[in-house]
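For reference, the structure discussed in these notes is given below.
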Amino acid sequence: MAQNILPSSINGLIPAHIVPMSSGGEIHWDALTTHLRWLAGVPGVKWLTTTAHASEVATLSTSERTRMIEHVVSVVPESIGVVAGVYDDGSARAAAEARRAVDSGAQALLVFPSGVFAGGSQLRPEAQRAHYEAVAEAVDAPLIIFKYPVGSPLALPLATTLEICRTVPNVAAIKEWSYDIVEYEDTWRTIKSEAPQVSVLSSFSRSLFASLLVGSDGVLSGHGSLVADLQSRLLAAVRAGDLAEARTVWDRIYPLAVACYAEPLFDQHNRMKAALGLLGRIPQDTTHVRRPLVEVGAAELATLKAACADAGIG
């Protein structure tokens, strides 16, 4: 594994950062540095994720993705690992992106499902497996499977997920975003029984407390860009068996989870970025997004402001 990172070490709190942008869509690197330093300073953060949904990876050029990974690596302390998203529909291009990410300093890779999967790949598990195999063959680094919501055309069935965990040696973790608590528990129990070397990381930001009660090796979530400090307390309380404390913390996170993950879901990270501006953690003039994403409107800003107040953060 890259830099002697063992698969079992892909665990704990793993926020995915947002990207501050100007009104013209230019990345504001100084504001990003401020954001990253806040995340890195949260107790319990073991990794940071970049070039993923929260960082609007679909809108970034190849050169921007490379620069962003290099920037994150240069800003965070060596004690915090960097996970880079691998986002491309073609397996060969995904493999090339994985190599660039590792060359830029990423220590682990979050492999997105190929958009080609939407054509019915659940009936061709060998196609889903081949995508991960192509990336694994290209790099000597731990891989994280991105398990999409049940019902999504990009979803990986549990049987295929387990097969990939068993046959692709680089696989170190699963970002479990099935958004179905039954599927989540089935995944948790199956992986812990049949592939225990693989971590299961909850991405159930809208119902994080419930998923942690089932069991989790950590949390990998864009919502951590906003509430990593509260997620850290929640994870610690659940692990300590202090459910009263966990409930208290979750009651603070919940209104922000509802506000950020309202429909349409693809606005989720736009809302998080806007909330960070409202809180003064990034300048308000760096809360813009790139097309096809759209700006957060006045009504949603008011909702987010109220949710921040309800959560007791400022």
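Lettering and numbering for the structure tokens are positional, with chains as A, B, ... in the shown order, residues counted from 1 in each chain, and ligands counted from 1 in the shown order.
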key: Contact residues around range 102-111 of chain A with only C-alpha atoms at 6 Å, ignoring same-chain residues under 5 positions, as a VMD selection string   = chain A and resid 70 82 to 86 141 to 145
Can I get the selected residues back with all heavy atoms, as a short mmCIF file (atom, residue, chain, number, x, y, z; two decimals), in the first residue's frame?
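Contents of the output file again.cif:
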data_model
loop_
_atom_site.label_atom_id
_atom_site.label_comp_id
_atom_site.auth_asym_id
_atom_site.auth_seq_id
_atom_site.Cartn_x
_atom_site.Cartn_y
_atom_site.Cartn_z
N GLU A 70 -2.69 18.63 -4.83
CA GLU A 70 -1.40 19.15 -4.37
C GLU A 70 -1.59 20.22 -3.30
O GLU A 70 -0.83 20.28 -2.32
CB GLU A 70 -0.62 19.72 -5.56
CG GLU A 70 -0.17 18.66 -6.55
CD GLU A 70 0.43 19.24 -7.81
OE1 GLU A 70 0.26 20.45 -8.06
OE2 GLU A 70 1.09 18.48 -8.56
N VAL A 82 -4.73 12.14 2.90
CA VAL A 82 -5.54 12.77 1.86
C VAL A 82 -6.13 11.68 0.96
O VAL A 82 -5.40 10.86 0.40
CB VAL A 82 -4.72 13.76 1.04
CG1 VAL A 82 -5.54 14.30 -0.14
CG2 VAL A 82 -4.23 14.91 1.92
N VAL A 83 -7.46 11.69 0.87
CA VAL A 83 -8.19 10.81 -0.04
C VAL A 83 -8.59 11.64 -1.26
O VAL A 83 -9.19 12.70 -1.10
CB VAL A 83 -9.46 10.24 0.62
CG1 VAL A 83 -10.24 9.38 -0.37
CG2 VAL A 83 -9.12 9.45 1.87
N ALA A 84 -8.28 11.16 -2.45
CA ALA A 84 -8.67 11.87 -3.68
C ALA A 84 -9.73 11.06 -4.41
O ALA A 84 -9.63 9.84 -4.53
CB ALA A 84 -7.46 12.09 -4.58
N GLY A 85 -10.74 11.76 -4.91
CA GLY A 85 -11.75 11.10 -5.71
C GLY A 85 -11.24 10.78 -7.10
O GLY A 85 -10.47 11.55 -7.69
N VAL A 86 -11.65 9.62 -7.62
CA VAL A 86 -11.34 9.21 -8.99
C VAL A 86 -12.67 9.19 -9.73
O VAL A 86 -13.50 8.32 -9.51
CB VAL A 86 -10.66 7.84 -9.03
CG1 VAL A 86 -10.47 7.37 -10.47
CG2 VAL A 86 -9.32 7.89 -8.31
N ALA A 141 -2.19 1.86 -4.03
CA ALA A 141 -2.78 2.72 -3.01
C ALA A 141 -4.11 2.12 -2.58
O ALA A 141 -4.78 1.44 -3.36
CB ALA A 141 -2.99 4.13 -3.56
N PRO A 142 -4.53 2.36 -1.34
CA PRO A 142 -5.82 1.86 -0.88
C PRO A 142 -6.97 2.50 -1.66
O PRO A 142 -6.95 3.70 -1.95
CB PRO A 142 -5.86 2.28 0.60
CG PRO A 142 -4.45 2.58 0.96
CD PRO A 142 -3.80 3.07 -0.28
N LEU A 143 -7.98 1.70 -1.98
CA LEU A 143 -9.15 2.17 -2.70
C LEU A 143 -10.39 2.12 -1.81
O LEU A 143 -10.53 1.22 -0.98
CB LEU A 143 -9.41 1.32 -3.94
CG LEU A 143 -8.26 1.12 -4.92
CD1 LEU A 143 -8.73 0.30 -6.12
CD2 LEU A 143 -7.67 2.45 -5.37
N ILE A 144 -11.28 3.09 -2.00
CA ILE A 144 -12.55 3.13 -1.30
C ILE A 144 -13.66 2.97 -2.34
O ILE A 144 -13.73 3.74 -3.30
CB ILE A 144 -12.73 4.45 -0.53
CG1 ILE A 144 -11.58 4.66 0.46
CG2 ILE A 144 -14.08 4.47 0.19
CD1 ILE A 144 -11.59 6.03 1.13
N ILE A 145 -14.50 1.96 -2.17
CA ILE A 145 -15.65 1.76 -3.04
C ILE A 145 -16.72 2.78 -2.69
O ILE A 145 -17.02 3.01 -1.51
CB ILE A 145 -16.22 0.34 -2.85
CG1 ILE A 145 -15.23 -0.72 -3.31
CG2 ILE A 145 -17.55 0.17 -3.58
CD1 ILE A 145 -15.66 -2.15 -2.97
#
request  = Find the residues near Phe209 in chain A: any atom within 12 Å, counting only C-alpha atoms, skip ones fewer than 5 places away on the same chain, and give them as a VMD selection string.
outcome  = chain A and resid 181 202 to 204 214 to 216 218 to 219 230 to 239 243 to 254 257
ask   = Quick one: DSSP strand (DSSP E) residues in range 104-200 of chain A, as a PyMOL selection string?
value = chain A and resi 108-111+143-147+171-176+199-200
Keeping only N, CA, C and O atoms, take the residues you just selected and write them out as a PDB file, in the first residue's frame.
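Final file, result-v4.pdb:
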ATOM      1  N   ALA A 108      -4.833   7.741  -0.580  1.00  0.00           N
ATOM      2  CA  ALA A 108      -5.908   6.776  -0.792  1.00  0.00           C
ATOM      3  C   ALA A 108      -6.851   7.372  -1.831  1.00  0.00           C
ATOM      4  O   ALA A 108      -6.848   8.589  -2.066  1.00  0.00           O
ATOM      5  N   LEU A 109      -7.670   6.517  -2.457  1.00  0.00           N
ATOM      6  CA  LEU A 109      -8.507   6.951  -3.568  1.00  0.00           C
ATOM      7  C   LEU A 109      -9.957   6.509  -3.361  1.00  0.00           C
ATOM      8  O   LEU A 109     -10.216   5.348  -3.044  1.00  0.00           O
ATOM      9  N   LEU A 110     -10.876   7.445  -3.557  1.00  0.00           N
ATOM     10  CA  LEU A 110     -12.309   7.170  -3.533  1.00  0.00           C
ATOM     11  C   LEU A 110     -12.758   6.988  -4.977  1.00  0.00           C
ATOM     12  O   LEU A 110     -12.779   7.953  -5.753  1.00  0.00           O
ATOM     13  N   VAL A 111     -13.098   5.759  -5.345  1.00  0.00           N
ATOM     14  CA  VAL A 111     -13.407   5.449  -6.745  1.00  0.00           C
ATOM     15  C   VAL A 111     -14.908   5.557  -6.983  1.00  0.00           C
ATOM     16  O   VAL A 111     -15.695   4.769  -6.457  1.00  0.00           O
ATOM     17  N   LEU A 143      -7.984   1.705  -1.975  1.00  0.00           N
ATOM     18  CA  LEU A 143      -9.153   2.172  -2.698  1.00  0.00           C
ATOM     19  C   LEU A 143     -10.387   2.119  -1.805  1.00  0.00           C
ATOM     20  O   LEU A 143     -10.534   1.216  -0.983  1.00  0.00           O
ATOM     21  N   ILE A 144     -11.276   3.095  -2.003  1.00  0.00           N
ATOM     22  CA  ILE A 144     -12.552   3.129  -1.300  1.00  0.00           C
ATOM     23  C   ILE A 144     -13.658   2.970  -2.342  1.00  0.00           C
ATOM     24  O   ILE A 144     -13.731   3.737  -3.302  1.00  0.00           O
ATOM     25  N   ILE A 145     -14.498   1.962  -2.167  1.00  0.00           N
ATOM     26  CA  ILE A 145     -15.650   1.756  -3.039  1.00  0.00           C
ATOM     27  C   ILE A 145     -16.722   2.784  -2.686  1.00  0.00           C
ATOM     28  O   ILE A 145     -17.016   3.012  -1.513  1.00  0.00           O
ATOM     29  N   PHE A 146     -17.312   3.397  -3.700  1.00  0.00           N
ATOM     30  CA  PHE A 146     -18.396   4.361  -3.482  1.00  0.00           C
ATOM     31  C   PHE A 146     -19.718   3.660  -3.777  1.00  0.00           C
ATOM     32  O   PHE A 146     -20.065   3.435  -4.929  1.00  0.00           O
ATOM     33  N   LYS A 147     -20.443   3.319  -2.723  1.00  0.00           N
ATOM     34  CA  LYS A 147     -21.699   2.572  -2.849  1.00  0.00           C
ATOM     35  C   LYS A 147     -22.873   3.552  -2.882  1.00  0.00           C
ATOM     36  O   LYS A 147     -23.212   4.161  -1.866  1.00  0.00           O
ATOM     37  N   VAL A 171      -8.636  -2.776  -2.213  1.00  0.00           N
ATOM     38  CA  VAL A 171      -9.843  -2.219  -1.611  1.00  0.00           C
ATOM     39  C   VAL A 171      -9.717  -2.209  -0.092  1.00  0.00           C
ATOM     40  O   VAL A 171      -9.504  -3.247   0.538  1.00  0.00           O
ATOM     41  N   ALA A 172      -9.843  -1.005   0.470  1.00  0.00           N
ATOM     42  CA  ALA A 172      -9.642  -0.837   1.902  1.00  0.00           C
ATOM     43  C   ALA A 172     -10.899  -0.429   2.638  1.00  0.00           C
ATOM     44  O   ALA A 172     -10.985  -0.594   3.853  1.00  0.00           O
ATOM     45  N   ALA A 173     -11.880   0.145   1.910  1.00  0.00           N
ATOM     46  CA  ALA A 173     -13.064   0.659   2.601  1.00  0.00           C
ATOM     47  C   ALA A 173     -14.222   0.807   1.623  1.00  0.00           C
ATOM     48  O   ALA A 173     -14.038   0.768   0.400  1.00  0.00           O
ATOM     49  N   ILE A 174     -15.401   0.992   2.189  1.00  0.00           N
ATOM     50  CA  ILE A 174     -16.622   1.261   1.429  1.00  0.00           C
ATOM     51  C   ILE A 174     -17.228   2.548   1.966  1.00  0.00           C
ATOM     52  O   ILE A 174     -17.442   2.675   3.184  1.00  0.00           O
ATOM     53  N   LYS A 175     -17.482   3.495   1.088  1.00  0.00           N
ATOM     54  CA  LYS A 175     -18.281   4.668   1.443  1.00  0.00           C
ATOM     55  C   LYS A 175     -19.734   4.250   1.242  1.00  0.00           C
ATOM     56  O   LYS A 175     -20.221   4.167   0.116  1.00  0.00           O
ATOM     57  N   GLU A 176     -20.431   3.968   2.334  1.00  0.00           N
ATOM     58  CA  GLU A 176     -21.758   3.379   2.274  1.00  0.00           C
ATOM     59  C   GLU A 176     -22.818   4.483   2.242  1.00  0.00           C
ATOM     60  O   GLU A 176     -23.203   5.060   3.254  1.00  0.00           O
ATOM     61  N   SER A 199     -13.002  -1.523   5.757  1.00  0.00           N
ATOM     62  CA  SER A 199     -13.776  -0.630   6.616  1.00  0.00           C
ATOM     63  C   SER A 199     -15.092  -0.258   5.950  1.00  0.00           C
ATOM     64  O   SER A 199     -15.167  -0.110   4.728  1.00  0.00           O
ATOM     65  N   VAL A 200     -16.120  -0.094   6.767  1.00  0.00           N
ATOM     66  CA  VAL A 200     -17.414   0.417   6.291  1.00  0.00           C
ATOM     67  C   VAL A 200     -17.584   1.815   6.873  1.00  0.00           C
ATOM     68  O   VAL A 200     -17.631   1.986   8.097  1.00  0.00           O
TER      69      VAL A 200
END
inquiry  = as a PyMOL selection string, please: every residue in range 30-211 of chain A that a backbone DSSP assignment puts in helix (DSSP H, G or I).
reply    = chain A and resi 30-40+53-55+57-59+62-75+91-103+115-119+121-123+125-138+158-167+181-194+205-211
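We find CA of Ala274 in chain A and CA of Thr287 in chain A to be spaced 5.4 Å apart.
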message = Here is a test: counting only C-alpha atoms, which residue of A:Ser225, A:Ser211, A:Thr50, A:Ser205 is nearest to Val182 in chain A?
response = A:Ser211
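A straight line drawn from CA of Gly44 in chain A to CA of Leu156 in chain A is 29.5 Å long.
Nearest residue to His28 in chain A, choosing from A:Ala96, A:Val258, A:Val289, A:Leu48 and counting only C-alpha atoms: A:Val289.
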Check which residues of range 195-260 of chain A sit at most 10 Å from range 31-39 of chain A using only C-alpha atoms, and return one row each with the closest pair of atoms and their distance in Å to one decimal, ordered by chain and rising number, as a Markdown table.
| residue | atom | partner | partner_atom | distance |
| --- | --- | --- | --- | --- |
| A:Gly224 | CA | A:Leu39 | CA | 8.3 |
| A:Ser225 | CA | A:Leu39 | CA | 7.0 |
| A:Leu226 | CA | A:Leu39 | CA | 8.9 |
| A:Val227 | CA | A:Leu39 | CA | 9.3 |
| A:Ala228 | CA | A:Leu39 | CA | 6.9 |
| A:Asp229 | CA | A:Leu39 | CA | 8.2 |
Could you please take those selected residues and save N, CA, C and O atoms as a PDB file, in the first residue's frame?
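Okay, this is what ended up in again_10.pdb:
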ATOM      1  N   GLY A 224     -19.469  16.866   6.641  1.00  0.00           N
ATOM      2  CA  GLY A 224     -18.389  17.162   7.567  1.00  0.00           C
ATOM      3  C   GLY A 224     -17.721  18.498   7.283  1.00  0.00           C
ATOM      4  O   GLY A 224     -17.113  19.093   8.181  1.00  0.00           O
ATOM      5  N   SER A 225     -17.824  18.984   6.049  1.00  0.00           N
ATOM      6  CA  SER A 225     -17.253  20.299   5.738  1.00  0.00           C
ATOM      7  C   SER A 225     -17.872  21.390   6.599  1.00  0.00           C
ATOM      8  O   SER A 225     -17.255  22.430   6.846  1.00  0.00           O
ATOM      9  N   LEU A 226     -19.088  21.129   7.072  1.00  0.00           N
ATOM     10  CA  LEU A 226     -19.830  22.107   7.870  1.00  0.00           C
ATOM     11  C   LEU A 226     -19.863  21.755   9.350  1.00  0.00           C
ATOM     12  O   LEU A 226     -19.757  22.639  10.202  1.00  0.00           O
ATOM     13  N   VAL A 227     -19.997  20.465   9.663  1.00  0.00           N
ATOM     14  CA  VAL A 227     -20.215  20.055  11.066  1.00  0.00           C
ATOM     15  C   VAL A 227     -19.231  18.967  11.493  1.00  0.00           C
ATOM     16  O   VAL A 227     -19.569  18.089  12.290  1.00  0.00           O
ATOM     17  N   ALA A 228     -17.999  19.009  11.002  1.00  0.00           N
ATOM     18  CA  ALA A 228     -17.023  17.980  11.379  1.00  0.00           C
ATOM     19  C   ALA A 228     -16.821  17.922  12.887  1.00  0.00           C
ATOM     20  O   ALA A 228     -16.640  16.836  13.460  1.00  0.00           O
ATOM     21  N   ASP A 229     -16.844  19.065  13.550  1.00  0.00           N
ATOM     22  CA  ASP A 229     -16.651  19.073  15.001  1.00  0.00           C
ATOM     23  C   ASP A 229     -17.776  18.331  15.722  1.00  0.00           C
ATOM     24  O   ASP A 229     -17.532  17.560  16.652  1.00  0.00           O
TER      25      ASP A 229
END
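Residues in contact with Lys305 in chain A at 10 Å, where only C-alpha atoms are counted and same-chain residues fewer than 5 positions away are skipped, are listed as A:Leu256, A:Ala259, A:Ala274, A:Ala275, A:Leu278, A:Leu279, A:Ala299, A:Glu300, A:Asp310, A:Ala311, A:Ile313, A:Gly314.
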ask   = Skipping near chain neighbours, those fewer than 2 positions away, what residues fall within 9 Å of range 260-269 of chain A using only C-alpha atoms, listed as a ChimeraX atom specification?
value = /A:18,53-56,205-206,222-223,255-258,271-275,293-296,304
